[in-house]
file my_file.tsv (TSV, C-alpha atoms and all ligand atoms)
chain	number	residue	atom	x	y	z
I	5	MET	CA	-64.24	81.86	58.04
I	6	ILE	CA	-61.34	80.36	56.13
I	7	LEU	CA	-61.85	79.61	52.45
I	8	TYR	CA	-61.34	75.99	51.40
I	9	ASP	CA	-58.83	75.01	48.66
I	10	PHE	CA	-59.91	75.20	45.00
I	11	GLU	CA	-58.36	75.32	41.52
I	12	TYR	CA	-58.17	78.62	39.64
I	13	GLU	CA	-57.94	79.38	35.90
I	14	ARG	CA	-57.69	82.78	34.24
I	15	PRO	CA	-58.49	82.40	30.52
I	16	GLY	CA	-57.81	85.21	28.04
I	17	SER	CA	-61.18	85.06	26.26
I	18	LEU	CA	-64.82	84.15	26.90
I	19	LYS	CA	-64.48	81.33	24.34
I	20	GLU	CA	-61.72	79.75	26.41
I	21	ALA	CA	-63.77	80.33	29.56
I	22	THR	CA	-66.82	78.48	28.20
I	23	ALA	CA	-64.59	75.63	26.97
I	24	LEU	CA	-63.04	75.32	30.44
I	25	LEU	CA	-66.46	75.28	32.08
I	26	ASN	CA	-67.62	72.66	29.60
I	27	GLU	CA	-64.61	70.38	30.20
I	28	SER	CA	-64.76	70.71	33.96
I	29	GLY	CA	-68.44	69.87	34.54
I	30	ASP	CA	-70.48	70.65	37.63
I	31	GLY	CA	-67.57	71.49	39.93
I	32	ALA	CA	-66.57	74.59	37.95
I	33	ARG	CA	-67.95	78.11	38.42
I	34	LEU	CA	-67.44	81.39	36.65
I	35	LEU	CA	-65.87	84.16	38.73
I	36	ALA	CA	-66.43	87.75	37.60
I	37	GLY	CA	-66.06	90.42	40.32
I	38	GLY	CA	-66.54	87.76	43.01
I	39	THR	CA	-68.66	90.04	45.22
I	40	ASP	CA	-71.53	87.54	45.27
I	41	LEU	CA	-69.66	84.28	44.72
I	42	MET	CA	-66.84	84.73	47.24
I	43	PRO	CA	-69.13	85.46	50.23
I	44	ASN	CA	-71.24	82.44	49.19
I	45	MET	CA	-68.11	80.27	49.05
I	46	ARG	CA	-67.06	81.51	52.48
I	47	VAL	CA	-70.31	80.31	54.03
I	48	GLU	CA	-70.14	77.21	51.82
I	49	VAL	CA	-73.46	77.84	50.14
I	50	VAL	CA	-71.59	76.90	46.98
I	51	THR	CA	-68.34	74.95	46.95
I	52	PRO	CA	-66.88	74.91	43.41
I	53	SER	CA	-63.65	72.98	42.95
I	54	LEU	CA	-62.56	75.22	40.04
I	55	LEU	CA	-63.02	78.94	39.53
I	56	VAL	CA	-62.81	80.21	35.96
I	57	SER	CA	-61.95	83.87	36.42
I	58	LEU	CA	-62.93	86.53	33.88
I	59	SER	CA	-60.52	89.08	35.37
I	60	GLY	CA	-58.06	88.70	32.48
I	61	ILE	CA	-60.63	89.86	29.92
I	62	GLU	CA	-61.10	93.56	29.25
I	63	PRO	CA	-64.75	94.58	28.63
I	64	ALA	CA	-65.66	96.65	25.56
I	65	ALA	CA	-67.11	100.11	26.27
I	66	PRO	CA	-70.91	100.51	25.92
I	67	GLU	CA	-71.71	101.15	22.28
I	68	LYS	CA	-74.64	102.74	20.41
I	69	ARG	CA	-75.30	100.70	17.27
I	70	ALA	CA	-76.60	101.77	13.87
I	71	ASP	CA	-80.17	100.70	14.75
I	72	GLY	CA	-80.11	102.88	17.89
I	73	SER	CA	-79.79	99.96	20.32
I	74	ILE	CA	-77.13	100.03	23.01
I	75	LYS	CA	-74.83	97.07	23.56
I	76	ILE	CA	-73.24	96.68	26.98
I	77	ASP	CA	-70.48	94.16	27.71
I	78	ALA	CA	-71.52	91.89	30.58
I	79	LEU	CA	-68.07	92.31	32.13
I	80	THR	CA	-68.67	96.07	32.57
I	81	LYS	CA	-68.15	97.06	36.20
I	82	LEU	CA	-71.21	98.54	37.90
I	83	SER	CA	-69.23	101.69	38.75
I	84	ASP	CA	-68.57	102.17	35.01
I	85	LEU	CA	-72.28	101.77	34.27
I	86	VAL	CA	-72.99	104.51	36.79
I	87	ASP	CA	-70.41	106.90	35.27
I	88	ASP	CA	-70.65	106.13	31.56
I	89	GLU	CA	-71.87	109.19	29.59
I	90	LEU	CA	-73.77	107.11	26.98
I	91	ILE	CA	-75.61	105.12	29.67
I	92	LYS	CA	-76.36	108.23	31.74
I	93	SER	CA	-77.81	110.12	28.79
I	94	GLU	CA	-79.62	107.29	26.94
I	95	LEU	CA	-80.51	104.86	29.74
I	96	PRO	CA	-80.68	106.92	32.94
I	97	MET	CA	-82.85	104.31	34.69
I	98	LEU	CA	-80.06	101.75	34.26
I	99	ALA	CA	-77.43	104.17	35.61
I	100	GLU	CA	-79.66	104.94	38.59
I	101	ALA	CA	-80.30	101.26	39.35
I	102	ALA	CA	-76.58	100.43	39.11
I	103	HIS	CA	-75.90	103.27	41.54
I	104	THR	CA	-78.23	101.72	44.12
I	105	VAL	CA	-76.31	98.41	44.19
I	106	ALA	CA	-74.42	98.03	47.48
I	107	GLY	CA	-71.70	100.70	47.94
I	108	ASN	CA	-68.83	101.91	45.82
I	109	GLN	CA	-66.41	99.19	47.01
I	110	VAL	CA	-68.76	96.52	45.66
I	111	ARG	CA	-69.57	98.48	42.49
I	112	VAL	CA	-65.93	98.85	41.44
I	113	MET	CA	-65.56	95.05	41.64
I	114	GLY	CA	-69.02	93.78	40.68
I	115	THR	CA	-69.96	93.31	37.03
I	116	LEU	CA	-73.21	93.57	35.11
I	117	GLY	CA	-73.22	89.83	34.26
I	118	GLY	CA	-72.50	88.87	37.87
I	119	ASN	CA	-75.29	91.12	39.06
I	120	LEU	CA	-77.82	89.41	36.78
I	121	CYS	CA	-76.59	85.90	37.68
I	122	GLN	CA	-76.27	86.44	41.45
I	123	GLU	CA	-77.64	83.64	43.64
I	124	THR	CA	-81.03	83.95	45.29
I	125	ARG	CA	-80.86	84.83	48.98
I	126	CYS	CA	-82.56	83.74	52.20
I	127	LEU	CA	-81.70	84.67	55.78
I	128	TYR	CA	-81.37	80.99	56.70
I	129	TYR	CA	-79.44	79.94	53.61
I	130	ASN	CA	-76.81	82.71	53.59
I	131	GLN	CA	-75.21	81.54	56.84
I	132	LYS	CA	-72.55	79.04	57.71
I	133	HIS	CA	-74.86	76.32	58.99
I	134	ASP	CA	-72.57	74.80	61.61
I	135	TYR	CA	-71.99	78.27	63.02
I	136	GLN	CA	-75.45	79.69	63.37
I	137	PHE	CA	-77.92	77.02	62.29
I	138	VAL	CA	-77.79	73.27	62.61
I	139	GLU	CA	-79.65	71.74	59.69
I	140	PRO	CA	-78.77	72.34	56.03
I	141	CYS	CA	-81.91	73.34	54.12
I	142	TYR	CA	-83.26	71.96	50.80
I	143	LYS	CA	-81.25	74.46	48.74
I	144	ARG	CA	-78.04	73.22	50.42
I	145	GLY	CA	-79.01	69.64	49.69
I	146	GLY	CA	-80.42	69.06	53.20
I	147	ASP	CA	-83.85	68.06	54.46
I	148	CYS	CA	-85.66	71.09	55.86
I	149	CYS	CA	-86.84	74.59	55.17
I	150	PHE	CA	-86.54	76.18	58.58
I	151	PRO	CA	-88.22	79.56	57.88
I	152	PHE	CA	-91.04	78.02	55.80
I	153	PRO	CA	-91.78	74.56	57.24
I	154	GLY	CA	-94.63	74.04	54.74
I	155	ASN	CA	-92.14	73.93	51.86
I	156	ASP	CA	-91.00	70.60	50.45
I	157	HIS	CA	-87.94	69.35	48.53
I	158	ASN	CA	-89.18	71.13	45.40
I	159	THR	CA	-90.09	74.48	46.97
I	160	CYS	CA	-87.60	77.11	47.99
I	161	TRP	CA	-88.62	80.68	48.72
I	162	SER	CA	-85.19	82.24	48.42
I	163	VAL	CA	-85.42	85.67	46.83
I	164	TYR	CA	-83.66	87.09	43.74
I	165	MET	CA	-82.32	90.51	44.67
I	166	SER	CA	-80.66	92.05	41.61
I	167	ASP	CA	-81.45	95.75	41.33
I	168	ILE	CA	-80.63	95.75	37.64
I	169	ALA	CA	-82.55	92.79	36.19
I	170	PRO	CA	-86.04	94.33	36.71
I	171	VAL	CA	-84.84	97.47	34.90
I	172	LEU	CA	-83.53	95.48	31.94
I	173	ILE	CA	-86.84	93.60	31.68
I	174	ALA	CA	-88.69	96.93	31.66
I	175	LEU	CA	-86.34	98.17	28.92
I	176	ASP	CA	-87.03	95.05	26.81
I	177	ALA	CA	-83.35	94.07	26.87
I	178	THR	CA	-81.92	90.96	25.24
I	179	LEU	CA	-79.07	88.86	26.62
I	180	GLU	CA	-76.34	87.58	24.33
I	181	ILE	CA	-75.21	84.25	25.69
I	182	LEU	CA	-72.06	82.38	24.72
I	183	GLY	CA	-71.87	78.62	25.17
I	184	PRO	CA	-69.71	75.78	23.89
I	185	ASP	CA	-71.93	75.55	20.77
I	186	GLY	CA	-71.92	79.26	19.93
I	187	THR	CA	-74.02	82.32	20.70
I	188	ARG	CA	-77.74	82.66	21.31
I	189	GLU	CA	-79.99	85.54	22.36
I	190	ILE	CA	-82.82	85.47	24.87
I	191	PRO	CA	-85.17	88.15	26.21
I	192	MET	CA	-83.97	89.28	29.64
I	193	ALA	CA	-87.10	87.87	31.32
I	194	ASP	CA	-86.26	84.37	30.01
I	195	LEU	CA	-83.14	84.18	32.20
I	196	PHE	CA	-85.36	83.14	35.13
I	197	THR	CA	-86.95	79.80	35.95
I	198	GLY	CA	-89.03	81.15	38.87
I	199	ASP	CA	-87.59	78.29	40.98
I	200	GLY	CA	-85.54	79.34	44.03
I	201	LEU	CA	-83.57	76.07	43.97
I	202	ASN	CA	-82.27	76.64	40.41
I	203	PRO	CA	-83.07	80.24	39.51
I	204	PHE	CA	-81.52	80.48	36.02
I	205	THR	CA	-82.14	78.93	32.63
I	206	LEU	CA	-78.43	79.11	31.70
I	207	GLY	CA	-76.52	75.91	30.95
I	208	ALA	CA	-73.54	75.14	33.20
I	209	ALA	CA	-71.01	76.27	30.56
I	210	GLU	CA	-72.97	79.30	29.34
I	211	ILE	CA	-71.81	82.86	29.89
I	212	VAL	CA	-73.79	86.09	29.56
I	213	GLN	CA	-71.53	88.08	27.26
I	214	ALA	CA	-73.58	91.20	26.51
I	215	VAL	CA	-76.85	93.01	27.14
I	216	ILE	CA	-78.61	94.75	24.25
I	217	VAL	CA	-81.16	97.46	24.96
I	218	PRO	CA	-83.38	98.56	22.04
I	219	PRO	CA	-83.92	102.29	21.39
I	220	LEU	CA	-86.49	103.94	23.63
I	221	PRO	CA	-89.64	105.33	21.98
I	222	GLU	CA	-90.82	108.95	22.11
I	223	ARG	CA	-92.74	110.04	25.22
I	224	PHE	CA	-91.09	107.29	27.24
I	225	GLY	CA	-91.22	107.61	31.01
I	226	TRP	CA	-89.70	105.60	33.84
I	227	GLY	CA	-89.78	105.27	37.60
I	228	TYR	CA	-87.38	103.34	39.83
I	229	HIS	CA	-87.53	102.89	43.58
I	230	LYS	CA	-85.53	100.63	45.86
I	231	THR	CA	-86.47	100.44	49.53
I	232	THR	CA	-83.58	99.60	51.85
I	233	VAL	CA	-83.26	99.54	55.61
I	234	ARG	CA	-80.10	101.63	55.83
I	235	GLY	CA	-80.16	103.53	52.55
I	236	GLY	CA	-76.80	102.18	51.38
I	237	LEU	CA	-74.76	98.96	51.21
I	238	ASP	CA	-78.05	97.12	51.38
I	239	PHE	CA	-79.93	94.62	49.30
I	240	GLY	CA	-83.43	95.79	48.43
I	241	THR	CA	-86.46	95.19	50.62
I	242	ALA	CA	-88.53	95.73	47.47
I	243	ILE	CA	-87.62	97.17	44.09
I	244	ILE	CA	-90.21	98.89	41.90
I	245	VAL	CA	-89.61	99.58	38.22
I	246	ILE	CA	-92.04	101.27	35.83
I	247	ALA	CA	-91.63	101.92	32.11
I	248	LEU	CA	-94.36	103.40	29.95
I	249	GLN	CA	-95.10	105.32	26.80
I	250	LEU	CA	-97.76	108.05	26.54
I	251	ALA	CA	-99.71	108.66	23.35
I	252	GLU	CA	-99.39	111.99	21.50
I	253	ASP	CA	-102.14	113.55	23.65
I	254	GLY	CA	-99.76	113.27	26.63
I	255	GLU	CA	-102.56	111.61	28.67
I	256	THR	CA	-103.33	108.17	27.28
I	257	CYS	CA	-100.95	105.34	28.06
I	258	SER	CA	-99.82	103.43	24.95
I	259	TRP	CA	-98.25	100.61	27.00
I	260	ALA	CA	-96.79	100.12	30.45
I	261	LYS	CA	-94.57	97.64	32.24
I	262	ILE	CA	-94.38	97.17	35.99
I	263	ILE	CA	-91.61	94.93	37.35
I	264	TYR	CA	-90.95	94.09	40.99
I	265	GLY	CA	-87.59	92.90	42.32
I	266	ALA	CA	-86.49	91.34	45.62
I	267	VAL	CA	-89.97	89.91	46.34
I	268	GLY	CA	-89.87	86.63	44.40
I	269	GLN	CA	-87.59	83.85	43.17
I	270	GLY	CA	-87.21	86.03	40.07
I	271	PRO	CA	-88.62	89.43	39.05
I	272	LEU	CA	-92.45	89.58	39.31
I	273	ARG	CA	-94.88	91.28	36.98
I	274	PRO	CA	-98.58	92.20	37.48
I	275	THR	CA	-99.55	91.44	33.90
I	276	THR	CA	-103.32	91.94	34.25
I	277	THR	CA	-102.73	95.42	35.65
I	278	GLU	CA	-100.30	96.16	32.82
I	279	ILE	CA	-102.92	95.16	30.24
I	280	SER	CA	-105.53	97.37	31.93
I	281	MET	CA	-103.18	100.38	31.56
I	282	LYS	CA	-103.01	100.05	27.79
I	283	SER	CA	-104.99	102.79	25.98
I	284	ALA	CA	-106.20	104.18	29.33
I	285	VAL	CA	-105.73	107.50	31.10
I	286	LEU	CA	-103.74	106.41	34.12
I	287	ASP	CA	-104.94	106.76	37.70
I	288	PRO	CA	-101.80	106.05	39.81
I	289	PRO	CA	-103.53	105.31	43.17
I	290	LEU	CA	-105.93	102.82	41.54
I	291	ILE	CA	-103.20	101.14	39.50
I	292	ALA	CA	-100.97	100.87	42.57
I	293	VAL	CA	-103.72	99.08	44.52
I	294	ALA	CA	-104.43	96.71	41.63
I	295	ALA	CA	-100.75	95.87	41.00
I	296	SER	CA	-99.92	95.32	44.68
I	297	GLN	CA	-102.94	93.00	45.05
I	298	GLU	CA	-102.15	91.09	41.87
I	299	ILE	CA	-98.67	89.90	42.85
I	300	SER	CA	-97.85	87.74	45.84
I	301	PRO	CA	-94.60	89.03	47.39
I	302	LEU	CA	-92.49	86.42	49.19
I	303	PRO	CA	-91.74	87.23	52.80
I	304	HIS	CA	-87.99	87.61	53.24
I	305	HIS	CA	-85.35	88.85	55.69
I	306	GLY	CA	-87.96	89.63	58.34
I	307	PHE	CA	-90.38	91.52	56.04
I	308	ASN	CA	-93.81	89.93	55.97
I	309	LYS	CA	-96.17	89.76	53.02
I	310	GLY	CA	-98.47	92.48	54.38
I	311	TYR	CA	-95.61	94.94	54.84
I	312	LEU	CA	-94.20	94.20	51.39
I	313	ARG	CA	-97.58	94.58	49.71
I	314	GLU	CA	-98.14	97.98	51.33
I	315	ASN	CA	-94.59	99.07	50.44
I	316	ILE	CA	-95.23	98.05	46.86
I	317	ARG	CA	-98.54	99.92	46.75
I	318	VAL	CA	-97.02	103.15	48.05
I	319	TYR	CA	-93.93	103.14	45.82
I	320	THR	CA	-95.77	101.92	42.73
I	321	GLU	CA	-98.00	104.97	42.98
I	322	ARG	CA	-95.05	107.36	43.47
I	323	SER	CA	-92.95	105.75	40.74
I	324	LEU	CA	-95.88	105.87	38.34
I	325	VAL	CA	-96.41	109.58	38.99
I	326	ARG	CA	-92.69	110.13	38.22
I	327	ALA	CA	-92.85	108.00	35.07
I	328	ILE	CA	-95.86	109.95	33.73
I	329	ALA	CA	-94.13	113.29	34.44
I	330	ARG	CA	-90.97	112.12	32.65
I	331	ALA	CA	-92.98	110.95	29.65
I	332	ARG	CA	-94.76	114.33	29.47
I	333	ASP	CA	-91.40	116.12	29.61
I	334	LYS	CA	-90.47	114.28	26.44
I	335	SER	CA	-93.62	115.26	24.52
C	401	LIG	C1	-72.13	93.94	50.88
C	401	LIG	C2	-72.82	93.57	49.60
C	401	LIG	C3	-73.94	94.26	49.22
C	401	LIG	C4	-74.59	93.93	48.02
C	401	LIG	N1	-75.68	94.66	47.68
C	401	LIG	C5	-76.29	94.41	46.50
C	401	LIG	C6	-77.41	95.19	46.11
C	401	LIG	O1	-77.81	96.12	46.78
C	401	LIG	N2	-78.01	94.90	44.92
C	401	LIG	C7	-77.57	93.90	44.12
C	401	LIG	O2	-78.16	93.70	43.05
C	401	LIG	N3	-76.53	93.12	44.47
C	401	LIG	C8	-75.87	93.36	45.63
C	401	LIG	N4	-74.80	92.60	46.00
C	401	LIG	C9	-74.52	91.38	45.21
C	401	LIG	C10	-73.36	91.47	44.21
C	401	LIG	O3	-72.24	91.99	44.78
C	401	LIG	C11	-73.64	92.30	42.99
C	401	LIG	O4	-74.87	91.90	42.47
C	401	LIG	C12	-72.57	92.20	41.91
C	401	LIG	O5	-72.97	92.91	40.77
C	401	LIG	C13	-72.22	90.78	41.49
C	401	LIG	O6	-71.32	90.86	40.42
C	401	LIG	P1	-69.93	90.07	40.43
C	401	LIG	O7	-69.26	90.39	39.14
C	401	LIG	O8	-69.15	90.39	41.66
C	401	LIG	O9	-70.45	88.58	40.46
C	401	LIG	P2	-69.70	87.25	40.93
C	401	LIG	O10	-69.73	87.18	42.41
C	401	LIG	O11	-68.38	87.12	40.26
C	401	LIG	O12	-70.68	86.17	40.30
C	401	LIG	C14	-72.01	86.01	40.79
C	401	LIG	C15	-72.62	84.77	40.12
C	401	LIG	O13	-72.84	85.01	38.74
C	401	LIG	C16	-72.09	84.09	37.92
C	401	LIG	N5	-71.58	84.92	36.82
C	401	LIG	C17	-70.77	86.00	36.91
C	401	LIG	N6	-70.61	86.57	35.70
C	401	LIG	C18	-71.35	85.83	34.82
C	401	LIG	C19	-71.60	85.92	33.43
C	401	LIG	N7	-71.08	86.89	32.67
C	401	LIG	N8	-72.38	84.98	32.84
C	401	LIG	C20	-72.93	83.97	33.59
C	401	LIG	N9	-72.74	83.85	34.93
C	401	LIG	C21	-71.96	84.78	35.54
C	401	LIG	C22	-71.02	83.53	38.82
C	401	LIG	O14	-70.64	82.22	38.43
C	401	LIG	C23	-71.72	83.53	40.18
C	401	LIG	O15	-72.53	82.40	40.30
C	401	LIG	C24	-74.10	92.88	47.19
C	401	LIG	C25	-72.95	92.19	47.59
C	401	LIG	C26	-72.33	92.53	48.76
C	401	LIG	C27	-71.08	91.78	49.15
C	402	LIG	S1	-86.39	79.20	51.50
C	402	LIG	FE1	-84.94	77.99	50.32
C	402	LIG	S2	-82.92	78.81	50.91
C	402	LIG	FE2	-84.38	79.47	52.48
C	402	LIG	S3	-84.28	77.85	54.06
C	402	LIG	FE3	-85.96	77.31	52.66
C	402	LIG	S4	-85.01	75.89	51.16
C	402	LIG	FE4	-83.35	77.03	52.19
call {"tool": "encode", "arguments": {"input": "my_file.tsv", "output": "structure tokens"}}
result
Amino acid sequence: MILYDFEYERPGSLKEATALLNESGDGARLLAGGTDLMPNMRVEVVTPSLLVSLSGIEPAAPEKRADGSIKIDALTKLSDLVDDELIKSELPMLAEAAHTVAGNQVRVMGTLGGNLCQETRCLYYNQKHDYQFVEPCYKRGGDCCFPFPGNDHNTCWSVYMSDIAPVLIALDATLEILGPDGTREIPMADLFTGDGLNPFTLGAAEIVQAVIVPPLPERFGWGYHKTTVRGGLDFGTAIIVIALQLAEDGETCSWAKIIYGAVGQGPLRPTTTEISMKSAVLDPPLIAVAASQEISPLPHHGFNKGYLRENIRVYTERSLVRAIARARDKS
């Protein structure tokens, strides 16, 4: 597959990058590590006429701030997230999730910002359509949804597969976003529209410049599980993330968050189950059944809803057991 011709700019700052995106309109696209964008350009899922590369900008090292929060430059390579001492000691769930992304060759290229802003995926969409399939689908501007014929022009069940975004939602992270008019902050969860056709709330010239994670409370526990077919170099079949705090008695749950990745157009959350966990002594098997019934996982890449639901039930229970044990370790 030969790449088509495009223009290329390599600005020296994020400010210049957002200005370039703003001047160039819809045809321009940000290029970070390129590990998501370049394969998508090769199969012509996206065909930008200008790439604004961030490779000339050096990311700042992760920093612990006076209020205890940790600020991470969005240009940080995933391999650096995995190895960074501050991240490993203060945010081990983030280091573990970064380590599960693809393989080392992708992690030394891929960035945190690129991981969060990666395109949604679908077995039919991520193909060169004149090679394997004939008709372009709705997301490519065509007139069908081959795998889900019931869908219409406004419904696309492509799946968002970042391993890291569900973790950052569970950690209550904030995104610092730079645009032509300055900087704004949004909660991590607000990055997503829930629409597979246009998955992100970012403006065309906006850039995620940093992620800020607030300090973790006492008796905090976490669980992370990513199911893959081959165990490595694989996108997730389903990703389960749990964060919770136990009360001083080491038994009662003060609050809990459950986030699922790779089973929806954005991360999914069983909010009723989360509410039921508040001020309760947790029963992992019961919670796992309730959470897996509450969400509706999208079938994807050959995994049907029934399989995904059962996978989610099993690994929610196991991740919850781990999260409770970790929280007790900290009491
Ligand atoms: C073989 C293979 C396996 C993979 N496996 C996984 C996996 O297991 N889990 C997983 O999560 N991902 C996986 N990926 C997807 C991807 O490589 C990673 O998510 C990676 O972190 C993307 O980062 P990048 O810097 O290369 O992004 P790029 O490809 O440069 O960019 C991706 C998208 O984000 C936009 N973008 C980039 N940076 C910013 C920013 N700062 N602000 C706003 N928009 C931005 C770009 O315009 C583009 O649309 C895999 C990719 C490959 C090729
Ligand atoms: S689910 Fe979305 S990406 Fe997949 S074929 Fe249908 S319209 Fe295209």
call {"tool": "residues_around", "arguments": {"input": "my_file.tsv", "residues": "Tyr319 (chain I)", "least_positions_apart": "6", "cutoff": "9 Å", "atoms": "only C-alpha atoms", "output": "CSV table (one decimal) with C-alpha atoms, keeping the file's coordinate frame"}}
result
chain,number,residue,atom,x,y,z
I,228,TYR,CA,-87.4,103.3,39.8
I,229,HIS,CA,-87.5,102.9,43.6
I,230,LYS,CA,-85.5,100.6,45.9
I,231,THR,CA,-86.5,100.4,49.5
I,243,ILE,CA,-87.6,97.2,44.1
I,244,ILE,CA,-90.2,98.9,41.9
I,292,ALA,CA,-101.0,100.9,42.6
call {"tool": "residues_around", "arguments": {"input": "my_file.tsv", "residues": "region 263-265 of chain I", "least_positions_apart": "5", "cutoff": "10 Å", "atoms": "all atoms listed in the file", "output": "PyMOL selection string"}}
result
chain I and resi 163-174+228-230+240-247+270-275+278+295-296+299+301+316+320
call {"tool": "closest_residue", "arguments": {"input": "my_file.tsv", "among": "I:Leu25, I:Val212, I:Cys141, I:Leu175", "to": "ligand LIG 401 (chain C)", "atoms": "all atoms listed in the file"}}
result
I:Val212
call {"tool": "atom_distance", "arguments": {"input": "my_file.tsv", "atom1": "CA of Lys309 (chain I)", "atom2": "CA of Cys121 (chain I)"}}
result
25.2 Å
call {"tool": "residues_around", "arguments": {"input": "my_file.tsv", "residues": "Gly107 (chain I)", "least_positions_apart": "4", "cutoff": "8 Å", "atoms": "all atoms listed in the file", "output": "count of residues only"}}
result
3
call {"tool": "build_atoms", "arguments": {"input": "my_file.tsv", "residues": "region 283-301 of chain I", "atoms": "N, CA and C atoms", "output": "CSV table (one decimal), in the coordinates of the input"}}
result
chain,number,residue,atom,x,y,z
I,283,SER,N,-104.0,101.9,26.6
I,283,SER,CA,-105.0,102.8,26.0
I,283,SER,C,-105.9,103.5,27.0
I,284,ALA,N,-105.4,103.6,28.3
I,284,ALA,CA,-106.2,104.2,29.3
I,284,ALA,C,-105.5,105.5,29.8
I,285,VAL,N,-106.3,106.4,30.4
I,285,VAL,CA,-105.7,107.5,31.1
I,285,VAL,C,-105.4,107.0,32.5
I,286,LEU,N,-104.2,107.1,32.9
I,286,LEU,CA,-103.7,106.4,34.1
I,286,LEU,C,-104.2,107.1,35.4
I,287,ASP,N,-104.6,106.3,36.4
I,287,ASP,CA,-104.9,106.8,37.7
I,287,ASP,C,-104.0,106.1,38.7
I,288,PRO,N,-102.8,106.7,39.0
I,288,PRO,CA,-101.8,106.0,39.8
I,288,PRO,C,-102.3,105.4,41.1
I,289,PRO,N,-103.1,106.0,41.9
I,289,PRO,CA,-103.5,105.3,43.2
I,289,PRO,C,-104.3,104.0,42.9
I,290,LEU,N,-105.2,104.0,41.9
I,290,LEU,CA,-105.9,102.8,41.5
I,290,LEU,C,-105.0,101.7,41.0
I,291,ILE,N,-104.1,102.1,40.1
I,291,ILE,CA,-103.2,101.1,39.5
I,291,ILE,C,-102.3,100.5,40.6
I,292,ALA,N,-101.9,101.4,41.5
I,292,ALA,CA,-101.0,100.9,42.6
I,292,ALA,C,-101.7,99.8,43.4
I,293,VAL,N,-103.0,100.1,43.7
I,293,VAL,CA,-103.7,99.1,44.5
I,293,VAL,C,-103.8,97.8,43.7
I,294,ALA,N,-104.2,97.9,42.5
I,294,ALA,CA,-104.4,96.7,41.6
I,294,ALA,C,-103.1,95.9,41.5
I,295,ALA,N,-102.0,96.6,41.2
I,295,ALA,CA,-100.8,95.9,41.0
I,295,ALA,C,-100.3,95.2,42.3
I,296,SER,N,-100.4,95.9,43.4
I,296,SER,CA,-99.9,95.3,44.7
I,296,SER,C,-100.8,94.1,45.1
I,297,GLN,N,-102.1,94.1,44.7
I,297,GLN,CA,-102.9,93.0,45.0
I,297,GLN,C,-102.7,91.8,44.1
I,298,GLU,N,-102.3,92.2,42.9
I,298,GLU,CA,-102.2,91.1,41.9
I,298,GLU,C,-100.9,90.2,42.2
I,299,ILE,N,-99.8,90.8,42.6
I,299,ILE,CA,-98.7,89.9,42.8
I,299,ILE,C,-98.7,89.4,44.3
I,300,SER,N,-97.9,88.3,44.5
I,300,SER,CA,-97.8,87.7,45.8
I,300,SER,C,-96.4,87.8,46.3
I,301,PRO,N,-96.0,88.9,47.0
I,301,PRO,CA,-94.6,89.0,47.4
I,301,PRO,C,-94.2,88.0,48.4
